[in-house]
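Beneath this line is the structure, given in structure tokens, with notes to follow.
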Amino acid sequence: MQIIRLANYFFKSLVREKLDLFWLIIFPVILFVILMLIFPSIYEPKDVTFNLTLLSQKGTFAEIIERVFKELSKGENRIFRLSLVQNSEENLKRELEKLKARKVNLIVEIPEGFDAQMLNFFMLKGLGVSPSPPVINVYSLKYDTSSESAYLIVKNILEKLEFEFIRKAGYQLRRIESETEIVGTKSTFSYIDFIYPGIVIFVIFMTGLFGIGMDLVWLKETGILKRISVTVLPKSRFIISYIISKIYLIIIQVTLITLMAKFVYKTTIDPLSLPFIGYTALTVLCLSSLGFFLASVSKTTGSANAISQILNFPLQFLGGIYFPVTGVPWAIRWIVLINPITYLASGIRDALGIMKSPYPFYLTITVPALWIIFCLIFTIKRFRLEET
Amino acid sequence: MRVIWKLFLATIKTFYRDRMTFFFTLIFPFMFVIIFGFVFGMGSSGGDNKLLVGVLSSDKRLLEVINNIDNLEAKGFDSIESIKLAIINGSIDAGAIYDGDKLRLILNLTTMQRNPFSRMLGETIADRLTKSNLRIDKIMDLNLNAIEPGKVVTTQLGYMIPGVVAISIFNGALFSMVSIFCDYKKRGILKRFNVTPIRGYQFIVGMILGRFVVTILSATAVLLFSQLVFKVQFSINWTLYLITASTSILGMMALGILISSIFTEPSVAGNVGSLLMTVMIFFSGVYFPLEFLPKYLRRIGEILPLGYIARSIRISTGVESGTIAFVLNTSLGMTIAFFTFVFIFGSKLLKAE
């Protein structure tokens with residue numbers, strides 16, 4: 001009873017701290033909304049229209065290309081905003097300036113003599129010779145995602161157009177169909193299913209680092225811990241009450257995120273499923289231990305804040321919470337590999353069937369477990385040392 | 001003048017003692033360069049754009065077809081399972097399997113986040129395969145000319161670094177004003193200054209000058225250090241760079257002064273600054289492309305000053321072409337914002353004491 005009363009007291013003092021409440025409860029919700037606004041558009045772009053310049057020539061084949069692009073630039077769901085320009089050196093120079101200024105996403109240049117080259121190509125092909133194909137110049141802008149994407153689309157359209165030319169030249173063909181599989185995920189990838197467990201890990205991480213780590217250092221710095229140690233309250237009861245108060249907080253955080261994921265973003269994940277509850281419990285244990293570890297190595301809130309900020313961003317971003325972190329060079333891969341969040345995020349997603357884990361099941365349990373053991377042993381030793 | 005000089009020196013010293021400001025101005029932007037540069041910038045082949053595609057070693061024709069496609073490189077594997085495993089582990093970007101009827105492109109999410117349209121590659125490979133049945137490789141050859149956006153040939157990371165410098169400026173300038181006008185106020189330092197012969201303007205000039213120099217040095221250190229570590233090329237127009245960096249610092253200081261005058265509690269003001277920083281990081285286009293976002297979100301990005309600062313620094317460092325007028329207009333806007341906010345809120349903040 002005393003434990004619960006004390007836990008309630010700790011929780012009430014936390015609730016009175018408006019700033020802590022903001023960072024531990026409101027901020028994760030804001031971040032969740034921001035991520036849901038940005039990443040689904042990156043994975044599945046919709047309603048994107050590219051500015052395309054076609055530097056054209058007169059001629060049958062050139063006109064077919066022109067007609068195709070004109071068709072794709074009509075209607076509400078058009079792919080391109082087409083600008084048709086007669087091909088000349090001066091016009092190309094002007095359009096390149098527009099490309100660099102990002103007013104145009106891509107330039108397609110049909111060179112002079114394109115029609116003649118095309119006819120020549122089919123004629124030689126008919127004679128059994130392998131001629132080099134006519135060239136169409138495409139100008140894209142480096143490091144510009146729109147430009148690079150527009151190039152991929154144009155390339156795809158022209159590849160399809162080639163079939164029309166092949167048919168027109170009298171060839172019989174059977175087109176090979178293609179299908180895409182996103183490896184390790186459900187057939188229809190949904191970013192909300194991917195990010196929801198990630199955000200749950202994030203809120204627990206925030207509570208571990210700032211709600212426990214920073215808070216304990218503050219209790220230590222202000223002498224409250226010392227005062228508690230001279231009371232009749234056994235240390236074990238104090239620690240259990242303290243942990244229970246943080247579990248109250250985590251329950252509120254996870255419930256809020258779950259309600260948003262379920263009712264606003266319509267996730268298909270069942271938050272009451274055993275794998276979800278199991279991995280969430282492991283996350284709570286692991287990241288709370290990290291908080292205790294932080295409290296044991298920091299003497300002042302200033303140093304605790306600095307350490308937690310240094311740990312916060314790399315562990316968050318390189319743990320695969322927001323996006324998968326695979327295929328990165330060794331310069332940062334080692335952080336990915338020693339990071340407990342990597343295994344927690346991979347394990348929970350794999351168990352829920354959202355995304356296959358690059359690590360075997362036993363590692364997704366043992367690495368966080370090793371972190372728990374290390375952090376707790378270190379913390380107990382350190383606190384004992386401080387007492388003596 | 002002596003008073004201002006003394007205050008200036010004191011401010012520089014306190015900056016390097018203040019771990020949080022030091023972290024957010026120098027370490028934080030650099031940490032993000034490394035994380036986002038590696039995660040979003042490079043494929044498994046280590047290059048900027050080339051995709052490594054896993055194919056069954058027995059399928060010689062598919063291997064050849066893929067190797068003939070620009071920006072793709074085929075790698076042989078013994079089984080479909082080993083291809084999938086390599087994709088999950090990130091050692092290749094995609095896989096292609098042809099069963100004699102259909103072509104299956106296997107992708108991972110990392111490839112999709114690097115290029116949102118990469119799922120179209122399946123059609124490209126299938127079309128090439130169809131044509132190879134007719135012994136035609138291609139009828140039209142697409143000659144891609146990828147134009148460098150600036151004066152120098154740089155890398156994805158090189159293009160990102162000026163944006164990171166902009167974030168360094170944002171953090172350094174904004175948080176320094178929050179620290180001076182909220183933290184100093186709360187700790188009674190401003191009150192103590194008020195009873196000394198130091199005038200209000202001397203205090204403001206001395207402090208701002210100190211923080212200004214520290215921020216410009218830190219931002220330039222991030223730029224030069226990144227250049228050194230990642231071996232990226234810049235063609236820095238120092239005059240333009242210094243104009244951009246200086247005025248941007250002033251502009252972001254203005255924002256800091258505005259926040260400090262609205263939220264007088266230092267922790268609240270600091271947290272508002274952090275929240276603003278989070279929004280800017282996501283919506284200013286420094287780390288994530290904005291092109292695919294819905295229109296209303298792109299509009300948000302357009303009104304955030306960080307995007308303008310980042311672009312001006314990119315122009316000054318030669319990684320993006322743009323008019324000097326753009327840089328100067330941005331600089332003018334920042335300077336006007338600074339003087340307006342200092343005159344309106346600076347004196348108010350001191351008078352309140």
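Scheme for the structure tokens: letters A, B, ... for chains in order shown; per-chain residue numbers from 1; ligand numbers from 1 in order shown.
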Practice problem: Give the residues of chain A that lie within 6 Å of chain B; count only C-alpha atoms, and format the answer as a PyMOL selection string. | Solution: chain A and resi 41-43+45+100+133-143+149+156+175-183+326-327+358
Let's have the selection written as a compact mmCIF listing (two decimals), in the first residue's frame, with C-alpha atoms.
# COMPACT_ATOMS: atom_id res chain seq x y z
CA SER A 41 4.46 10.76 -49.38
CA ILE A 42 8.08 9.66 -49.81
CA TYR A 43 7.23 5.95 -50.04
CA PRO A 45 4.10 9.70 -53.98
CA LYS A 100 19.27 24.77 -62.67
CA PRO A 133 20.18 3.20 -81.81
CA PRO A 134 19.21 6.86 -82.29
CA VAL A 135 19.97 8.98 -79.24
CA ILE A 136 17.53 11.13 -77.25
CA ASN A 137 19.19 13.51 -74.83
CA VAL A 138 17.75 13.91 -71.37
CA TYR A 139 18.91 16.59 -68.95
CA SER A 140 18.24 16.12 -65.26
CA LEU A 141 19.43 17.96 -62.17
CA LYS A 142 21.68 16.13 -59.75
CA TYR A 143 20.56 15.72 -56.10
CA SER A 149 12.06 10.75 -60.41
CA ASN A 156 9.75 4.14 -68.51
CA ARG A 175 5.59 -8.39 -73.51
CA ILE A 176 6.95 -9.65 -70.22
CA GLU A 177 4.90 -8.41 -67.30
CA SER A 178 6.47 -7.32 -64.04
CA GLU A 179 5.43 -7.26 -60.41
CA THR A 180 7.05 -5.66 -57.38
CA GLU A 181 7.55 -7.23 -54.00
CA ILE A 182 8.68 -5.23 -50.99
CA VAL A 183 10.89 -7.70 -49.23
CA THR A 326 20.33 -1.16 -43.64
CA GLY A 327 23.20 -1.06 -46.06
CA PRO A 358 17.70 -8.61 -40.52
Quiz prompt | DSSP-assigned helix (DSSP H, G or I) members of range 26-246 of chain B, reported as a PyMOL selection string | solution = chain B and resi 26-41+60-67+80-89+109-114+118-133+156-186+189-194+200-230+238-246
Practice problem: Find the residues around Ala245 in chain B up to 12 Å (only C-alpha atoms counted), leave out those fewer than 2 positions away in its own chain, and share them as a PyMOL selection string. | Solution: chain B and resi 162-163+165-170+172-173+212-220+223+237-243+247-252+306+308-317+327-328+330-331+334-335
Mind checking which residues fall within 9 Å of Leu161 in chain A, counting only C-alpha atoms, ignoring those fewer than 3 positions away in the same chain, and posting them as an mmCIF file with C-alpha atoms, in the first residue's frame?
data_model
loop_
_atom_site.group_PDB
_atom_site.id
_atom_site.type_symbol
_atom_site.label_atom_id
_atom_site.label_comp_id
_atom_site.auth_asym_id
_atom_site.auth_seq_id
_atom_site.Cartn_x
_atom_site.Cartn_y
_atom_site.Cartn_z
ATOM 1 C CA ILE A 64 4.621 10.329 -81.938
ATOM 2 C CA ILE A 65 6.802 11.084 -78.895
ATOM 3 C CA VAL A 68 2.450 10.758 -76.002
ATOM 4 C CA ASN A 156 9.754 4.136 -68.509
ATOM 5 C CA ILE A 157 7.443 5.917 -70.974
ATOM 6 C CA LEU A 158 10.033 5.857 -73.751
ATOM 7 C CA GLU A 164 4.929 0.833 -80.464
ATOM 8 C CA PHE A 165 7.796 1.509 -82.840
ATOM 9 C CA ILE A 166 8.695 -2.210 -82.857
#
Practice problem: For Ile180 in chain B, work out the shell of residues within 9 Å, counting only C-alpha atoms and skipping chain neighbours fewer than 6 positions away, then give it as an MDAnalysis selection string. | Solution: chainID B and resid 190 207:208 260
Kindly save the residues from that selection, with C-alpha atoms included, as a JSON list (two decimals), in the first residue's frame.
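Now in out-v9.json:
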[["chain", "number", "residue", "atom", "x", "y", "z"],
["B", 190, "LEU", "CA", 20.18, 41.57, -16.27],
["B", 207, "MET", "CA", 26.41, 40.21, -25.96],
["B", 208, "ILE", "CA", 25.11, 40.03, -29.52],
["B", 260, "SER", "CA", 12.19, 35.34, -25.51]]
Practice problem: May I ask which of the residues B:Lys185, B:Arg298, B:Lys75, B:Lys13 is the closest one to Leu62 in chain B, counting only C-alpha atoms? | Solution: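 Once distances to Leu62 in chain B are computed over only C-alpha atoms, the minimum belongs to B:Lys75.
Contact shell of Pro40 in chain A at 9 Å (only C-alpha atoms; same-chain neighbours under 3 positions omitted): Leu35, Met36, Leu37, Tyr43, Glu44, Pro45, Ser190, Tyr191 and Ile192 of chain A; Leu293 of chain B.
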Practice problem: Could you find all residues in range 4-190 of chain B that DSSP calls strand (DSSP E or B) from the backbone, and write them as a ChimeraX atom specification? | Solution: /B:51-56,72-77,94-98,102-107,141-147
Generate the output file for the selected residues, N, CA and C atoms, as an mmCIF file, in the first residue's frame.
data_model
loop_
_atom_site.group_PDB
_atom_site.id
_atom_site.type_symbol
_atom_site.label_atom_id
_atom_site.label_comp_id
_atom_site.auth_asym_id
_atom_site.auth_seq_id
_atom_site.Cartn_x
_atom_site.Cartn_y
_atom_site.Cartn_z
ATOM 1 N N LEU B 51 22.338 1.357 -58.329
ATOM 2 C CA LEU B 51 21.636 0.352 -57.535
ATOM 3 C C LEU B 51 22.210 -1.021 -57.829
ATOM 4 N N LEU B 52 22.452 -1.770 -56.767
ATOM 5 C CA LEU B 52 22.979 -3.123 -56.904
ATOM 6 C C LEU B 52 21.788 -4.091 -56.898
ATOM 7 N N VAL B 53 21.639 -4.840 -58.010
ATOM 8 C CA VAL B 53 20.476 -5.727 -58.137
ATOM 9 C C VAL B 53 20.931 -7.183 -58.091
ATOM 10 N N GLY B 54 20.337 -7.952 -57.189
ATOM 11 C CA GLY B 54 20.666 -9.369 -57.070
ATOM 12 C C GLY B 54 19.896 -10.198 -58.097
ATOM 13 N N VAL B 55 20.604 -11.094 -58.770
ATOM 14 C CA VAL B 55 20.006 -11.932 -59.813
ATOM 15 C C VAL B 55 20.528 -13.355 -59.612
ATOM 16 N N LEU B 56 19.744 -14.355 -60.010
ATOM 17 C CA LEU B 56 20.233 -15.735 -59.926
ATOM 18 C C LEU B 56 21.413 -15.905 -60.886
ATOM 19 N N LEU B 72 22.333 0.620 -63.059
ATOM 20 C CA LEU B 72 22.080 -0.666 -62.412
ATOM 21 C C LEU B 72 23.309 -1.549 -62.549
ATOM 22 N N GLU B 73 23.540 -2.348 -61.529
ATOM 23 C CA GLU B 73 24.639 -3.292 -61.592
ATOM 24 C C GLU B 73 24.127 -4.625 -61.047
ATOM 25 N N ALA B 74 24.351 -5.711 -61.816
ATOM 26 C CA ALA B 74 23.827 -7.011 -61.384
ATOM 27 C C ALA B 74 24.852 -7.762 -60.548
ATOM 28 N N LYS B 75 24.333 -8.519 -59.569
ATOM 29 C CA LYS B 75 25.212 -9.344 -58.742
ATOM 30 C C LYS B 75 24.583 -10.742 -58.654
ATOM 31 N N GLY B 76 25.369 -11.777 -58.928
ATOM 32 C CA GLY B 76 24.838 -13.143 -58.964
ATOM 33 C C GLY B 76 24.669 -13.775 -57.583
ATOM 34 N N PHE B 77 23.581 -14.549 -57.438
ATOM 35 C CA PHE B 77 23.320 -15.282 -56.188
ATOM 36 C C PHE B 77 22.889 -16.708 -56.527
ATOM 37 N N ALA B 94 18.190 -4.244 -54.460
ATOM 38 C CA ALA B 94 16.986 -4.857 -55.025
ATOM 39 C C ALA B 94 17.348 -6.221 -55.595
ATOM 40 N N GLY B 95 16.320 -6.965 -55.998
ATOM 41 C CA GLY B 95 16.555 -8.253 -56.641
ATOM 42 C C GLY B 95 15.627 -8.380 -57.837
ATOM 43 N N ALA B 96 16.025 -9.166 -58.835
ATOM 44 C CA ALA B 96 15.155 -9.382 -59.996
ATOM 45 C C ALA B 96 15.155 -10.877 -60.323
ATOM 46 N N ILE B 97 13.940 -11.437 -60.419
ATOM 47 C CA ILE B 97 13.805 -12.864 -60.714
ATOM 48 C C ILE B 97 12.923 -13.009 -61.945
ATOM 49 N N TYR B 98 13.392 -13.763 -62.926
ATOM 50 C CA TYR B 98 12.580 -13.999 -64.125
ATOM 51 C C TYR B 98 12.307 -15.500 -64.218
ATOM 52 N N LYS B 102 7.045 -14.099 -65.944
ATOM 53 C CA LYS B 102 6.933 -12.793 -65.303
ATOM 54 C C LYS B 102 8.248 -12.377 -64.674
ATOM 55 N N LEU B 103 8.458 -11.071 -64.586
ATOM 56 C CA LEU B 103 9.646 -10.597 -63.886
ATOM 57 C C LEU B 103 9.213 -10.068 -62.515
ATOM 58 N N ARG B 104 9.891 -10.517 -61.490
ATOM 59 C CA ARG B 104 9.555 -10.057 -60.134
ATOM 60 C C ARG B 104 10.691 -9.174 -59.633
ATOM 61 N N LEU B 105 10.358 -7.919 -59.323
ATOM 62 C CA LEU B 105 11.361 -7.021 -58.748
ATOM 63 C C LEU B 105 11.182 -7.046 -57.240
ATOM 64 N N ILE B 106 12.257 -7.321 -56.540
ATOM 65 C CA ILE B 106 12.186 -7.340 -55.072
ATOM 66 C C ILE B 106 12.938 -6.121 -54.561
ATOM 67 N N LEU B 107 12.258 -5.327 -53.751
ATOM 68 C CA LEU B 107 12.859 -4.085 -53.268
ATOM 69 C C LEU B 107 12.885 -4.062 -51.753
ATOM 70 N N ASP B 141 18.270 5.353 -77.625
ATOM 71 C CA ASP B 141 19.233 5.377 -76.535
ATOM 72 C C ASP B 141 19.023 6.669 -75.748
ATOM 73 N N LEU B 142 18.701 6.521 -74.471
ATOM 74 C CA LEU B 142 18.526 7.734 -73.654
ATOM 75 C C LEU B 142 19.881 8.145 -73.111
ATOM 76 N N ASN B 143 20.312 9.297 -73.523
ATOM 77 C CA ASN B 143 21.607 9.773 -73.060
ATOM 78 C C ASN B 143 21.374 10.748 -71.911
ATOM 79 N N LEU B 144 21.609 10.271 -70.704
ATOM 80 C CA LEU B 144 21.313 11.118 -69.536
ATOM 81 C C LEU B 144 22.472 12.061 -69.236
ATOM 82 N N ASN B 145 22.133 13.340 -69.171
ATOM 83 C CA ASN B 145 23.118 14.341 -68.759
ATOM 84 C C ASN B 145 22.660 14.886 -67.412
ATOM 85 N N ALA B 146 23.289 14.401 -66.356
ATOM 86 C CA ALA B 146 22.905 14.895 -65.020
ATOM 87 C C ALA B 146 23.696 16.165 -64.753
ATOM 88 N N ILE B 147 22.966 17.270 -64.715
ATOM 89 C CA ILE B 147 23.614 18.578 -64.595
ATOM 90 C C ILE B 147 23.894 18.884 -63.126
#
Exercise. Determine, counting only C-alpha atoms, which protein, DNA and RNA residues have an atom within 9 Å of an atom of range 251-268 of chain A; residues of the same chain fewer than 5 positions away are not included. Present the result as a list in words.
Key: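 Near neighbours after the sequence-gap exclusion: Leu24, Ile25, Ile26, Pro28, Val29, Phe32, Met36, Ser190, Ile192, Asp193, Tyr196, Ile199, Val200, Val203, Ile204 and Lys246 of chain A.
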If you keep N, CA and C atoms, can you produce a file of those selected residues as a CSV table (one decimal), in the first residue's frame?
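The resulting file, part09.csv, is shown below:
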chain,number,residue,atom,x,y,z
A,24,LEU,N,7.2,14.6,-22.8
A,24,LEU,CA,7.0,13.2,-22.7
A,24,LEU,C,5.7,12.7,-23.2
A,25,ILE,N,4.7,13.6,-23.3
A,25,ILE,CA,3.4,13.2,-23.8
A,25,ILE,C,2.9,13.9,-25.1
A,26,ILE,N,3.0,15.2,-25.1
A,26,ILE,CA,2.5,16.0,-26.2
A,26,ILE,C,3.5,15.9,-27.4
A,28,PRO,N,5.7,13.6,-28.5
A,28,PRO,CA,5.7,12.4,-29.3
A,28,PRO,C,4.5,12.4,-30.2
A,29,VAL,N,3.3,13.0,-29.8
A,29,VAL,CA,2.2,13.0,-30.6
A,29,VAL,C,2.4,13.9,-31.8
A,32,PHE,N,4.7,12.2,-34.2
A,32,PHE,CA,3.9,11.2,-34.9
A,32,PHE,C,3.2,11.8,-36.1
A,36,MET,N,3.9,11.1,-40.1
A,36,MET,CA,2.8,10.6,-40.9
A,36,MET,C,2.5,11.6,-42.1
A,190,SER,N,2.4,-0.5,-45.4
A,190,SER,CA,1.7,0.7,-44.8
A,190,SER,C,2.7,1.4,-43.8
A,192,ILE,N,2.1,3.5,-41.5
A,192,ILE,CA,1.5,3.6,-40.2
A,192,ILE,C,1.8,2.3,-39.4
A,193,ASP,N,1.7,1.2,-40.1
A,193,ASP,CA,2.0,-0.1,-39.4
A,193,ASP,C,3.5,-0.1,-39.1
A,196,TYR,N,4.2,2.9,-36.1
A,196,TYR,CA,3.5,2.8,-34.8
A,196,TYR,C,4.3,2.1,-33.8
A,199,ILE,N,7.2,4.5,-32.8
A,199,ILE,CA,6.8,5.6,-31.9
A,199,ILE,C,6.6,5.1,-30.5
A,200,VAL,N,6.1,3.9,-30.3
A,200,VAL,CA,6.0,3.4,-29.0
A,200,VAL,C,7.4,3.2,-28.4
A,203,VAL,N,8.6,6.8,-27.3
A,203,VAL,CA,8.1,7.4,-26.1
A,203,VAL,C,8.8,6.7,-24.9
A,204,ILE,N,9.0,5.4,-25.0
A,204,ILE,CA,9.6,4.7,-23.8
A,204,ILE,C,11.1,5.2,-23.7
A,246,LYS,N,6.7,5.6,-13.1
A,246,LYS,CA,7.1,5.7,-14.5
A,246,LYS,C,6.3,4.8,-15.4
